[in-house]
$ cat input-v5.pdb   # PDB, C-alpha atoms
ATOM      1  CA  MET O   1      15.095  -5.414 -14.689
ATOM      2  CA  SER O   2      18.322  -5.585 -12.677
ATOM      3  CA  ALA O   3      20.256  -4.163 -15.634
ATOM      4  CA  GLN O   4      17.869  -1.216 -15.787
ATOM      5  CA  VAL O   5      18.221  -0.619 -12.043
ATOM      6  CA  THR O   6      22.007  -0.797 -12.326
ATOM      7  CA  ALA O   7      22.016   1.649 -15.239
ATOM      8  CA  ALA O   8      19.726   4.038 -13.362
ATOM      9  CA  SER O   9      21.858   3.901 -10.223
ATOM     10  CA  GLY O  10      25.019   4.375 -12.298
ATOM     11  CA  TRP O  11      23.470   7.433 -13.962
ATOM     12  CA  LYS O  12      22.615   8.919 -10.572
ATOM     13  CA  ARG O  13      26.023   8.089  -9.077
ATOM     14  CA  PHE O  14      27.772   9.794 -11.992
ATOM     15  CA  TRP O  15      25.999  13.094 -11.410
ATOM     16  CA  GLU O  16      25.987  12.852  -7.613
ATOM     17  CA  ARG O  17      29.793  13.133  -7.667
ATOM     18  CA  GLY O  18      29.391  16.692  -8.888
ATOM     19  CA  GLY O  19      32.315  18.842  -9.993
ATOM     20  CA  TRP O  20      32.873  21.777 -12.322
ATOM     21  CA  TRP O  21      33.320  19.698 -15.472
ATOM     22  CA  ARG O  22      29.998  17.925 -14.976
ATOM     23  CA  ALA O  23      28.336  21.326 -14.589
ATOM     24  CA  VAL O  24      30.003  22.502 -17.813
ATOM     25  CA  LEU O  25      29.085  19.242 -19.569
ATOM     26  CA  LEU O  26      25.444  19.685 -18.619
ATOM     27  CA  ALA O  27      25.460  23.291 -19.868
ATOM     28  CA  VAL O  28      27.089  22.280 -23.170
ATOM     29  CA  VAL O  29      24.580  19.473 -23.747
ATOM     30  CA  TYR O  30      21.710  21.809 -22.870
ATOM     31  CA  ILE O  31      22.828  24.583 -25.203
ATOM     32  CA  ALA O  32      23.446  22.057 -28.012
ATOM     33  CA  LEU O  33      19.925  20.659 -27.623
ATOM     34  CA  TYR O  34      18.525  24.187 -27.391
ATOM     35  CA  LEU O  35      20.258  25.231 -30.612
ATOM     36  CA  ALA O  36      19.222  22.014 -32.375
ATOM     37  CA  THR O  37      15.622  22.595 -31.304
ATOM     38  CA  GLY O  38      15.811  26.143 -32.596
ATOM     39  CA  GLN O  39      17.102  24.918 -35.948
ATOM     40  CA  LEU O  40      14.338  22.325 -36.199
ATOM     41  CA  VAL O  41      11.669  24.862 -35.276
ATOM     42  CA  GLY O  42      13.129  27.221 -37.873
ATOM     43  CA  LEU O  43      12.934  24.570 -40.593
ATOM     44  CA  ILE O  44       9.318  23.769 -39.807
ATOM     45  CA  PHE O  45       7.924  27.158 -38.818
ATOM     46  CA  GLY O  46      10.442  29.558 -40.352
ATOM     47  CA  SER O  47       7.757  31.184 -42.503
ATOM     48  CA  GLN O  48       6.004  32.344 -39.311
ATOM     49  CA  VAL O  49       9.035  34.277 -38.077
ATOM     50  CA  ASP O  50      10.001  37.856 -38.943
ATOM     51  CA  ASP O  51      13.809  37.660 -39.199
ATOM     52  CA  GLU O  52      14.194  41.430 -39.072
ATOM     53  CA  ASN O  53      12.186  42.105 -35.910
ATOM     54  CA  PRO O  54      12.162  39.500 -33.077
ATOM     55  CA  LEU O  55       9.259  41.373 -31.414
ATOM     56  CA  ALA O  56       7.187  41.778 -34.566
ATOM     57  CA  ASP O  57       4.204  39.636 -33.583
ATOM     58  CA  VAL O  58       3.102  36.701 -31.455
ATOM     59  CA  PRO O  59       4.066  33.943 -33.955
ATOM     60  CA  THR O  60       7.545  35.448 -34.318
ATOM     61  CA  ILE O  61       8.007  35.475 -30.540
ATOM     62  CA  PHE O  62       6.631  31.961 -30.074
ATOM     63  CA  PHE O  63       8.410  30.199 -32.926
ATOM     64  CA  GLY O  64      11.487  32.426 -32.996
ATOM     65  CA  THR O  65      12.247  32.456 -29.278
ATOM     66  CA  ALA O  66       9.793  30.777 -26.927
ATOM     67  CA  LEU O  67       9.312  27.262 -28.304
ATOM     68  CA  ALA O  68      12.967  26.204 -28.067
ATOM     69  CA  ILE O  69      13.133  27.554 -24.496
ATOM     70  CA  ILE O  70       9.947  25.708 -23.534
ATOM     71  CA  VAL O  71      11.437  22.470 -24.872
ATOM     72  CA  GLY O  72      14.659  23.206 -22.959
ATOM     73  CA  SER O  73      12.687  23.766 -19.750
ATOM     74  CA  VAL O  74      10.976  20.398 -20.127
ATOM     75  CA  LEU O  75      14.289  18.641 -20.799
ATOM     76  CA  LEU O  76      15.880  20.181 -17.712
ATOM     77  CA  LEU O  77      12.933  19.126 -15.581
ATOM     78  CA  LEU O  78      13.151  15.583 -16.919
ATOM     79  CA  PHE O  79      16.885  15.521 -16.219
ATOM     80  CA  ALA O  80      16.446  16.746 -12.648
ATOM     81  CA  GLY O  81      13.594  14.283 -12.139
ATOM     82  CA  SER O  82      15.699  11.383 -13.406
ATOM     83  CA  LEU O  83      18.183  12.114 -10.605
ATOM     84  CA  GLY O  84      15.554  12.645  -7.933
ATOM     85  CA  TRP O  85      16.790  16.208  -7.412
ATOM     86  CA  LEU O  86      13.546  18.153  -7.789
ATOM     87  CA  ARG O  87      12.958  18.415  -4.046
ATOM     88  CA  GLU O  88      16.476  19.559  -3.244
ATOM     89  CA  LEU O  89      16.502  22.016  -6.140
ATOM     90  CA  PHE O  90      13.161  23.628  -5.331
ATOM     91  CA  GLY O  91      13.212  23.057  -1.572
ATOM     92  CA  ARG O  92      14.936  25.126   1.077
ATOM     93  CA  GLN O  93      18.567  25.911   0.288
ATOM     94  CA  PRO O  94      21.143  24.020   2.392
ATOM     95  CA  ILE O  95      22.887  27.286   3.290
ATOM     96  CA  GLY O  96      21.416  30.633   4.244
ATOM     97  CA  GLY O  97      22.321  34.175   3.306
ATOM     98  CA  ARG O  98      23.441  37.354   5.065
ATOM     99  CA  TRP O  99      21.642  40.648   5.338
ATOM    100  CA  TRP O 100      23.810  42.436   2.768
ATOM    101  CA  MET O 101      22.799  39.920   0.098
ATOM    102  CA  TRP O 102      19.331  41.495   0.017
ATOM    103  CA  ILE O 103      20.945  44.265  -2.034
ATOM    104  CA  ALA O 104      20.937  41.908  -5.031
ATOM    105  CA  PRO O 105      17.186  41.254  -5.394
ATOM    106  CA  VAL O 106      16.442  44.899  -4.565
ATOM    107  CA  ILE O 107      18.623  46.096  -7.462
ATOM    108  CA  VAL O 108      17.152  43.529  -9.853
ATOM    109  CA  LEU O 109      13.571  44.401  -8.931
ATOM    110  CA  ALA O 110      14.175  48.156  -9.019
ATOM    111  CA  ALA O 111      15.807  47.975 -12.469
ATOM    112  CA  ALA O 112      12.962  45.844 -13.821
ATOM    113  CA  LEU O 113      10.318  48.244 -12.467
ATOM    114  CA  LEU O 114      12.109  51.241 -13.991
ATOM    115  CA  ARG O 115      12.067  49.511 -17.387
ATOM    116  CA  ILE O 116       8.449  48.420 -16.987
ATOM    117  CA  PHE O 117       7.291  51.967 -16.266
ATOM    118  CA  GLY O 118       9.737  53.475 -18.738
ATOM    119  CA  THR O 119       8.721  51.463 -21.809
ATOM    120  CA  ASP O 120       6.795  52.975 -24.702
ATOM    121  CA  TYR O 121       4.073  50.340 -25.024
ATOM    122  CA  SER O 122       2.491  52.096 -28.010
ATOM    123  CA  ARG O 123       5.135  50.317 -30.114
ATOM    124  CA  TYR O 124       3.649  46.907 -29.296
ATOM    125  CA  SER O 125       0.323  45.128 -29.419
ATOM    126  CA  VAL O 126      -1.161  43.664 -26.235
ATOM    127  CA  GLY O 127      -0.514  40.170 -27.621
ATOM    128  CA  VAL O 128       3.176  40.908 -28.110
ATOM    129  CA  VAL O 129       3.590  42.232 -24.559
ATOM    130  CA  VAL O 130       1.827  39.200 -23.073
ATOM    131  CA  ALA O 131       3.830  36.810 -25.270
ATOM    132  CA  ILE O 132       7.124  38.441 -24.264
ATOM    133  CA  TYR O 133       6.379  38.129 -20.548
ATOM    134  CA  LEU O 134       5.245  34.517 -20.901
ATOM    135  CA  THR O 135       8.447  33.802 -22.812
ATOM    136  CA  GLY O 136      10.402  35.549 -20.069
ATOM    137  CA  LEU O 137       8.885  33.188 -17.518
ATOM    138  CA  PHE O 138      10.288  30.193 -19.396
ATOM    139  CA  VAL O 139      13.635  31.940 -19.920
ATOM    140  CA  GLY O 140      13.891  32.600 -16.196
ATOM    141  CA  PHE O 141      12.850  29.058 -15.380
ATOM    142  CA  ALA O 142      15.241  27.338 -17.800
ATOM    143  CA  GLU O 143      18.318  29.497 -17.205
ATOM    144  CA  GLU O 144      17.936  29.613 -13.425
ATOM    145  CA  LEU O 145      17.165  25.890 -13.150
ATOM    146  CA  LEU O 146      20.284  25.174 -15.201
ATOM    147  CA  THR O 147      22.725  27.605 -13.578
ATOM    148  CA  ARG O 148      21.499  28.487 -10.080
ATOM    149  CA  GLY O 149      19.815  25.107  -9.703
ATOM    150  CA  LEU O 150      21.627  22.222 -11.360
ATOM    151  CA  ALA O 151      25.055  23.838 -11.791
ATOM    152  CA  VAL O 152      25.120  25.161  -8.213
ATOM    153  CA  ASN O 153      24.045  21.731  -6.958
ATOM    154  CA  LEU O 154      26.777  19.991  -8.948
ATOM    155  CA  LEU O 155      29.423  22.431  -7.758
ATOM    156  CA  ARG O 156      28.375  22.012  -4.135
ATOM    157  CA  LYS O 157      28.408  18.221  -4.501
ATOM    158  CA  GLY O 158      31.934  18.619  -5.841
ATOM    159  CA  GLY O 159      32.977  20.201  -2.545
ATOM    160  CA  TYR O 160      33.654  23.737  -3.795
ATOM    161  CA  SER O 161      33.498  26.738  -1.510
ATOM    162  CA  GLU O 162      30.490  29.004  -1.956
ATOM    163  CA  ARG O 163      32.742  31.684  -3.440
ATOM    164  CA  MET O 164      33.757  29.263  -6.199
ATOM    165  CA  VAL O 165      30.171  28.060  -6.570
ATOM    166  CA  MET O 166      29.115  31.671  -7.118
ATOM    167  CA  LEU O 167      31.893  32.456  -9.597
ATOM    168  CA  LEU O 168      31.779  29.210 -11.584
ATOM    169  CA  SER O 169      27.982  29.106 -11.888
ATOM    170  CA  SER O 170      27.999  32.759 -13.008
ATOM    171  CA  LEU O 171      30.749  31.990 -15.526
ATOM    172  CA  ILE O 172      28.722  29.097 -16.949
ATOM    173  CA  PHE O 173      25.719  31.416 -17.177
ATOM    174  CA  SER O 174      27.848  33.972 -18.992
ATOM    175  CA  LEU O 175      29.314  31.438 -21.424
ATOM    176  CA  LEU O 176      25.829  30.270 -22.413
ATOM    177  CA  HIS O 177      25.349  33.651 -24.057
ATOM    178  CA  SER O 178      28.460  33.321 -26.203
ATOM    179  CA  VAL O 179      26.312  31.339 -28.659
ATOM    180  CA  ASN O 180      24.780  34.676 -29.693
ATOM    181  CA  LEU O 181      27.762  34.857 -32.038
ATOM    182  CA  LEU O 182      26.052  32.120 -34.065
ATOM    183  CA  THR O 183      23.058  34.393 -34.644
ATOM    184  CA  GLY O 184      25.243  37.017 -36.293
ATOM    185  CA  GLN O 185      25.441  39.452 -33.395
ATOM    186  CA  PRO O 186      28.556  41.674 -33.418
ATOM    187  CA  PRO O 187      31.347  40.310 -31.187
ATOM    188  CA  LEU O 188      31.397  43.460 -29.042
ATOM    189  CA  THR O 189      27.663  43.122 -28.371
ATOM    190  CA  VAL O 190      28.141  39.482 -27.398
ATOM    191  CA  LEU O 191      31.095  40.400 -25.172
ATOM    192  CA  PHE O 192      29.038  43.069 -23.415
ATOM    193  CA  THR O 193      26.185  40.590 -22.955
ATOM    194  CA  MET O 194      28.561  38.012 -21.467
ATOM    195  CA  GLY O 195      30.008  40.576 -19.061
ATOM    196  CA  PHE O 196      26.553  41.679 -17.975
ATOM    197  CA  THR O 197      25.268  38.133 -17.546
ATOM    198  CA  PHE O 198      28.256  37.258 -15.363
ATOM    199  CA  VAL O 199      27.613  40.045 -12.850
ATOM    200  CA  PHE O 200      23.857  39.486 -13.131
ATOM    201  CA  GLY O 201      24.533  35.817 -12.403
ATOM    202  CA  VAL O 202      26.299  36.814  -9.192
ATOM    203  CA  ALA O 203      23.216  38.840  -8.214
ATOM    204  CA  MET O 204      21.016  35.811  -8.904
ATOM    205  CA  TYR O 205      23.275  33.602  -6.781
ATOM    206  CA  LEU O 206      23.026  36.093  -3.903
ATOM    207  CA  THR O 207      19.251  36.145  -4.354
ATOM    208  CA  LEU O 208      19.218  32.348  -4.171
ATOM    209  CA  ARG O 209      21.211  32.467  -0.942
ATOM    210  CA  VAL O 210      19.296  35.201   0.858
ATOM    211  CA  THR O 211      15.788  34.053  -0.120
ATOM    212  CA  GLY O 212      16.624  30.400   0.410
ATOM    213  CA  SER O 213      14.667  29.321  -2.661
ATOM    214  CA  LEU O 214      15.286  28.902  -6.390
ATOM    215  CA  ILE O 215      11.808  30.294  -7.075
ATOM    216  CA  TRP O 216      12.840  33.890  -6.419
ATOM    217  CA  PRO O 217      15.782  34.006  -8.876
ATOM    218  CA  ILE O 218      13.435  32.435 -11.441
ATOM    219  CA  LEU O 219      10.773  35.103 -10.924
ATOM    220  CA  LEU O 220      13.201  38.020 -10.871
ATOM    221  CA  HIS O 221      14.941  36.712 -13.980
ATOM    222  CA  ALA O 222      11.517  36.217 -15.574
ATOM    223  CA  ILE O 223      10.734  39.942 -15.380
ATOM    224  CA  THR O 224      14.262  41.143 -16.173
ATOM    225  CA  ASP O 225      14.579  39.757 -19.707
ATOM    226  CA  PRO O 226      11.143  40.763 -21.057
ATOM    227  CA  SER O 227      11.232  44.223 -19.476
ATOM    228  CA  THR O 228      14.655  44.748 -21.068
ATOM    229  CA  MET O 229      13.531  43.451 -24.467
ATOM    230  CA  LEU O 230      10.481  45.711 -24.515
ATOM    231  CA  ALA O 231      12.454  48.738 -23.309
ATOM    232  CA  VAL O 232      15.184  48.464 -25.968
ATOM    233  CA  GLY O 233      13.151  46.784 -28.686
ATOM    234  CA  GLY O 234      15.205  43.636 -29.171
ATOM    235  CA  VAL O 235      16.975  40.602 -27.744
ATOM    236  CA  ASP O 236      20.368  41.147 -26.070
ATOM    237  CA  GLU O 237      20.656  44.618 -27.543
ATOM    238  CA  THR O 238      23.049  47.165 -26.049
ATOM    239  CA  HIS O 239      21.290  50.379 -27.076
ATOM    240  CA  GLY O 240      18.964  51.953 -24.536
ATOM    241  CA  SER O 241      15.575  53.580 -24.579
ATOM    242  CA  VAL O 242      15.198  57.360 -24.813
ATOM    243  CA  ASN O 243      12.854  57.227 -21.823
ATOM    244  CA  GLN O 244      14.624  58.531 -18.718
ATOM    245  CA  LEU O 245      13.323  55.765 -16.448
ATOM    246  CA  ALA O 246      14.509  53.005 -18.777
ATOM    247  CA  THR O 247      17.828  54.776 -19.234
ATOM    248  CA  LEU O 248      18.229  55.031 -15.454
ATOM    249  CA  ALA O 249      17.654  51.262 -15.219
ATOM    250  CA  GLY O 250      20.763  50.817 -17.363
ATOM    251  CA  THR O 251      22.910  52.063 -14.490
ATOM    252  CA  SER O 252      22.058  48.820 -12.667
ATOM    253  CA  THR O 253      24.891  47.203 -14.633
ATOM    254  CA  TYR O 254      27.424  49.212 -12.636
ATOM    255  CA  LEU O 255      25.679  48.301  -9.390
ATOM    256  CA  TYR O 256      25.819  44.593 -10.330
ATOM    257  CA  LEU O 257      29.531  44.964 -11.039
ATOM    258  CA  LEU O 258      30.180  46.661  -7.697
ATOM    259  CA  LEU O 259      28.109  44.052  -5.871
ATOM    260  CA  ALA O 260      30.003  41.227  -7.598
ATOM    261  CA  ILE O 261      33.331  42.693  -6.473
ATOM    262  CA  VAL O 262      32.072  42.970  -2.892
ATOM    263  CA  ALA O 263      30.681  39.421  -3.014
ATOM    264  CA  ILE O 264      34.069  38.000  -4.023
ATOM    265  CA  PHE O 265      35.443  39.167  -0.664
ATOM    266  CA  LEU O 266      32.440  38.405   1.545
ATOM    267  CA  VAL O 267      31.173  35.039   0.304
ATOM    268  CA  ARG O 268      33.380  32.472   2.010
ATOM    269  CA  ASP O 269      31.344  29.548   3.335
ATOM    270  CA  ARG O 270      30.964  25.947   2.171
ATOM    271  CA  VAL O 271      27.915  23.673   2.224
ATOM    272  CA  GLY O 272      28.415  20.961   4.819
ATOM    273  CA  ARG O 273      30.242  23.140   7.341
ATOM    274  CA  LYS O 274      28.689  23.201  10.805
ATOM    275  CA  ASP O 275      28.290  26.978  10.731
ATOM    276  CA  ALA O 276      26.383  26.890   7.428
ATOM    277  CA  VAL O 277      22.939  27.112   9.019
ATOM    278  CA  PRO O 278      20.001  26.931   6.548
ATOM    279  CA  GLY O 279      18.014  30.145   6.452
ATOM    280  CA  LEU O 280      20.503  32.151   8.498
ATOM    281  CA  VAL O 281      20.385  35.890   7.852
ATOM    282  CA  THR O 282      22.355  37.862  10.395
ATOM    283  CA  PRO O 283      23.975  41.300  10.670
ATOM    284  CA  GLU O 284      27.245  39.557  11.436
ATOM    285  CA  GLY O 285      27.546  38.588   7.763
ATOM    286  CA  ILE O 286      29.982  41.358   6.913
ATOM    287  CA  GLY O 287      33.495  40.395   7.796
ATOM    288  CA  SER O 288      32.547  36.860   8.789
ATOM    289  CA  ALA O 289      31.973  33.634   6.912
ATOM    290  CA  SER O 290      28.969  34.086   4.659
TER     291      SER O 290
END
$ encode --input "input-v5.pdb" --output "structure tokens"
Amino acid sequence: MSAQVTAASGWKRFWERGGWWRAVLLAVVYIALYLATGQLVGLIFGSQVDDENPLADVPTIFFGTALAIIVGSVLLLLFAGSLGWLRELFGRQPIGGRWWMWIAPVIVLAAALLRIFGTDYSRYSVGVVVAIYLTGLFVGFAEELLTRGLAVNLLRKGGYSERMVMLLSSLIFSLLHSVNLLTGQPPLTVLFTMGFTFVFGVAMYLTLRVTGSLIWPILLHAITDPSTMLAVGGVDETHGSVNQLATLAGTSTYLYLLLAIVAIFLVRDRVGRKDAVPGLVTPEGIGSAS
């Protein structure tokens, strides 16, 4: 019994030290398990998947995309639970946001709504649309729990400034998508996806800060991916819809980029500082520590 307690406390102490390399290690282990799960699912249920069209039908969506993400979500929850971090991950953030950070969730929500109303749903069955949005919920949960939850927590425990927490967690989020190369996607498409996910990651970090809860990045992420997939007809595709509303949503990429540049200059605080008041949202954010 004492050996088990010692091992458990050693496990917790290891992760409580935090640091960028532990955050990267966790992401690498997660993506390896995710890919391994996908391979196993493919071996068992490959006959149920349409390799040419990832949105072909419900079985293709479930076995081709959703199941591995669901397994990944469970593994991340078990990991966080083993460290006793669930309350601090899903509770109130230890540092608040500033008024200008509200720009991030507004852009994300507006872009998602434009795609939702700009999608030609006649191309899909009701089952496919429902399956895509349910899958999106797990995508948002897993990717946000990993990057804006666990990675941010590890970086803060490592003593990094919030600017570095923002940049490093967004970089980890971006690098996760480099594995799309393994699926045969063209390198330029993967590079574009990585660039987009980096600036989108910054927007999700700002959303985390200004809302004070991990739930909101999860929910916004959960409608972003499926609305994009349905609008363009694929996963991590770069071509847009002919619908004007969906095309207009594509301009959000430039807004994310501009917001990320601004955030680099304005995000300057550090968790643990006396002026890092939880839940603080004040007009003085611009030009001051935030």
$ residues_around --input "input-v5.pdb" --residues "range 213-218 of chain O" --least-positions-apart "4" --cutoff "8 Å" --atoms "all atoms listed in the file" --output "count of residues only"
18
$ resolve_selection --input "input-v5.pdb" --expression "the PyMOL selection byres ((chain O and resi 56) around 10)" --output "list in words"
Val49, Asp50, Asp51, Glu52, Asn53, Pro54, Leu55, Asp57, Val58, Pro59, Thr60, Ile61, Arg123, Tyr124, Ser125, Val128, Gly233 and Gly234 of chain O
$ resolve_selection --input "input-v5.pdb" --expression "the PyMOL selection byres ((chain O and resi 158-168) around 9)" --output "mmCIF file with C-alpha atoms, in the coordinates of the input"
data_model
loop_
_atom_site.group_PDB
_atom_site.id
_atom_site.type_symbol
_atom_site.label_atom_id
_atom_site.label_comp_id
_atom_site.auth_asym_id
_atom_site.auth_seq_id
_atom_site.Cartn_x
_atom_site.Cartn_y
_atom_site.Cartn_z
ATOM 1 C CA GLU O 16 25.987 12.852 -7.613
ATOM 2 C CA ARG O 17 29.793 13.133 -7.667
ATOM 3 C CA GLY O 18 29.391 16.692 -8.888
ATOM 4 C CA GLY O 19 32.315 18.842 -9.993
ATOM 5 C CA TRP O 20 32.873 21.777 -12.322
ATOM 6 C CA ARG O 148 21.499 28.487 -10.080
ATOM 7 C CA ALA O 151 25.055 23.838 -11.791
ATOM 8 C CA VAL O 152 25.120 25.161 -8.213
ATOM 9 C CA ASN O 153 24.045 21.731 -6.958
ATOM 10 C CA LEU O 154 26.777 19.991 -8.948
ATOM 11 C CA LEU O 155 29.423 22.431 -7.758
ATOM 12 C CA ARG O 156 28.375 22.012 -4.135
ATOM 13 C CA LYS O 157 28.408 18.221 -4.501
ATOM 14 C CA SER O 169 27.982 29.106 -11.888
ATOM 15 C CA SER O 170 27.999 32.759 -13.008
ATOM 16 C CA LEU O 171 30.749 31.990 -15.526
ATOM 17 C CA ILE O 172 28.722 29.097 -16.949
ATOM 18 C CA PHE O 173 25.719 31.416 -17.177
ATOM 19 C CA PHE O 198 28.256 37.258 -15.363
ATOM 20 C CA GLY O 201 24.533 35.817 -12.403
ATOM 21 C CA VAL O 202 26.299 36.814 -9.192
ATOM 22 C CA TYR O 205 23.275 33.602 -6.781
ATOM 23 C CA LEU O 206 23.026 36.093 -3.903
ATOM 24 C CA ALA O 263 30.681 39.421 -3.014
ATOM 25 C CA ILE O 264 34.069 38.000 -4.023
ATOM 26 C CA PHE O 265 35.443 39.167 -0.664
ATOM 27 C CA LEU O 266 32.440 38.405 1.545
ATOM 28 C CA VAL O 267 31.173 35.039 0.304
ATOM 29 C CA ARG O 268 33.380 32.472 2.010
ATOM 30 C CA ASP O 269 31.344 29.548 3.335
ATOM 31 C CA ARG O 270 30.964 25.947 2.171
ATOM 32 C CA VAL O 271 27.915 23.673 2.224
ATOM 33 C CA GLY O 272 28.415 20.961 4.819
ATOM 34 C CA SER O 290 28.969 34.086 4.659
#
$ closest_residue --input "input-v5.pdb" --among "O:Ala32, O:Leu245, O:Ile44, O:Leu83" --to "Arg13 in chain O" --atoms "all atoms listed in the file"
O:Leu83
$ residues_around --input "input-v5.pdb" --residues "range 102-112 of chain O" --least-positions-apart "2" --cutoff "9 Å" --atoms "all atoms listed in the file" --output "PyMOL selection string"
chain O and resi 97-100+114-117+200+202-207+210-211+216-217+220-221+223-225+227-228+246+248-252+255-256+259
$ closest_residue --input "input-v5.pdb" --among "O:Val262, O:Leu43, O:Leu188, O:Leu26" --to "Met101 in chain O" --atoms "all atoms listed in the file"
O:Val262
$ build_atoms --input "input-v5.pdb" --residues "range 211-232 of chain O" --atoms "N, CA and C atoms" --output "PDB file, keeping the file's coordinate frame"
ATOM      1  N   THR O 211      17.204  34.435  -0.161  1.00  0.00           N
ATOM      2  CA  THR O 211      15.788  34.053  -0.120  1.00  0.00           C
ATOM      3  C   THR O 211      15.622  32.597   0.275  1.00  0.00           C
ATOM      4  N   GLY O 212      16.675  31.803   0.054  1.00  0.00           N
ATOM      5  CA  GLY O 212      16.624  30.400   0.410  1.00  0.00           C
ATOM      6  C   GLY O 212      15.856  29.531  -0.559  1.00  0.00           C
ATOM      7  N   SER O 213      15.475  30.082  -1.715  1.00  0.00           N
ATOM      8  CA  SER O 213      14.667  29.321  -2.661  1.00  0.00           C
ATOM      9  C   SER O 213      15.030  29.683  -4.094  1.00  0.00           C
ATOM     10  N   LEU O 214      15.021  28.683  -4.971  1.00  0.00           N
ATOM     11  CA  LEU O 214      15.286  28.902  -6.390  1.00  0.00           C
ATOM     12  C   LEU O 214      14.153  29.657  -7.070  1.00  0.00           C
ATOM     13  N   ILE O 215      12.971  29.640  -6.469  1.00  0.00           N
ATOM     14  CA  ILE O 215      11.808  30.294  -7.075  1.00  0.00           C
ATOM     15  C   ILE O 215      12.041  31.785  -7.282  1.00  0.00           C
ATOM     16  N   TRP O 216      12.683  32.440  -6.326  1.00  0.00           N
ATOM     17  CA  TRP O 216      12.840  33.890  -6.419  1.00  0.00           C
ATOM     18  C   TRP O 216      13.811  34.324  -7.520  1.00  0.00           C
ATOM     19  N   PRO O 217      14.968  33.680  -7.701  1.00  0.00           N
ATOM     20  CA  PRO O 217      15.782  34.006  -8.876  1.00  0.00           C
ATOM     21  C   PRO O 217      15.021  33.765 -10.180  1.00  0.00           C
ATOM     22  N   ILE O 218      14.224  32.709 -10.239  1.00  0.00           N
ATOM     23  CA  ILE O 218      13.435  32.435 -11.441  1.00  0.00           C
ATOM     24  C   ILE O 218      12.487  33.592 -11.730  1.00  0.00           C
ATOM     25  N   LEU O 219      11.760  34.045 -10.724  1.00  0.00           N
ATOM     26  CA  LEU O 219      10.773  35.103 -10.924  1.00  0.00           C
ATOM     27  C   LEU O 219      11.424  36.440 -11.263  1.00  0.00           C
ATOM     28  N   LEU O 220      12.521  36.765 -10.568  1.00  0.00           N
ATOM     29  CA  LEU O 220      13.201  38.020 -10.871  1.00  0.00           C
ATOM     30  C   LEU O 220      13.819  37.999 -12.261  1.00  0.00           C
ATOM     31  N   HIS O 221      14.402  36.859 -12.628  1.00  0.00           N
ATOM     32  CA  HIS O 221      14.941  36.712 -13.980  1.00  0.00           C
ATOM     33  C   HIS O 221      13.814  36.811 -15.006  1.00  0.00           C
ATOM     34  N   ALA O 222      12.652  36.260 -14.647  1.00  0.00           N
ATOM     35  CA  ALA O 222      11.517  36.217 -15.574  1.00  0.00           C
ATOM     36  C   ALA O 222      10.964  37.592 -15.905  1.00  0.00           C
ATOM     37  N   ILE O 223      11.181  38.589 -15.038  1.00  0.00           N
ATOM     38  CA  ILE O 223      10.734  39.942 -15.380  1.00  0.00           C
ATOM     39  C   ILE O 223      11.875  40.796 -15.923  1.00  0.00           C
ATOM     40  N   THR O 224      13.115  40.363 -15.702  1.00  0.00           N
ATOM     41  CA  THR O 224      14.262  41.143 -16.173  1.00  0.00           C
ATOM     42  C   THR O 224      14.394  41.091 -17.687  1.00  0.00           C
ATOM     43  N   ASP O 225      14.382  39.884 -18.263  1.00  0.00           N
ATOM     44  CA  ASP O 225      14.579  39.757 -19.707  1.00  0.00           C
ATOM     45  C   ASP O 225      13.462  40.415 -20.516  1.00  0.00           C
ATOM     46  N   PRO O 226      12.186  40.131 -20.235  1.00  0.00           N
ATOM     47  CA  PRO O 226      11.143  40.763 -21.057  1.00  0.00           C
ATOM     48  C   PRO O 226      11.060  42.275 -20.886  1.00  0.00           C
ATOM     49  N   SER O 227      11.280  42.768 -19.661  1.00  0.00           N
ATOM     50  CA  SER O 227      11.232  44.223 -19.476  1.00  0.00           C
ATOM     51  C   SER O 227      12.376  44.891 -20.236  1.00  0.00           C
ATOM     52  N   THR O 228      13.526  44.216 -20.301  1.00  0.00           N
ATOM     53  CA  THR O 228      14.655  44.748 -21.068  1.00  0.00           C
ATOM     54  C   THR O 228      14.370  44.719 -22.559  1.00  0.00           C
ATOM     55  N   MET O 229      13.835  43.591 -23.042  1.00  0.00           N
ATOM     56  CA  MET O 229      13.531  43.451 -24.467  1.00  0.00           C
ATOM     57  C   MET O 229      12.531  44.500 -24.928  1.00  0.00           C
ATOM     58  N   LEU O 230      11.497  44.730 -24.133  1.00  0.00           N
ATOM     59  CA  LEU O 230      10.481  45.711 -24.515  1.00  0.00           C
ATOM     60  C   LEU O 230      11.013  47.136 -24.426  1.00  0.00           C
ATOM     61  N   ALA O 231      11.904  47.388 -23.470  1.00  0.00           N
ATOM     62  CA  ALA O 231      12.454  48.738 -23.309  1.00  0.00           C
ATOM     63  C   ALA O 231      13.377  49.123 -24.454  1.00  0.00           C
ATOM     64  N   VAL O 232      14.205  48.148 -24.922  1.00  0.00           N
ATOM     65  CA  VAL O 232      15.184  48.464 -25.968  1.00  0.00           C
ATOM     66  C   VAL O 232      14.746  47.989 -27.344  1.00  0.00           C
TER      67      VAL O 232
END
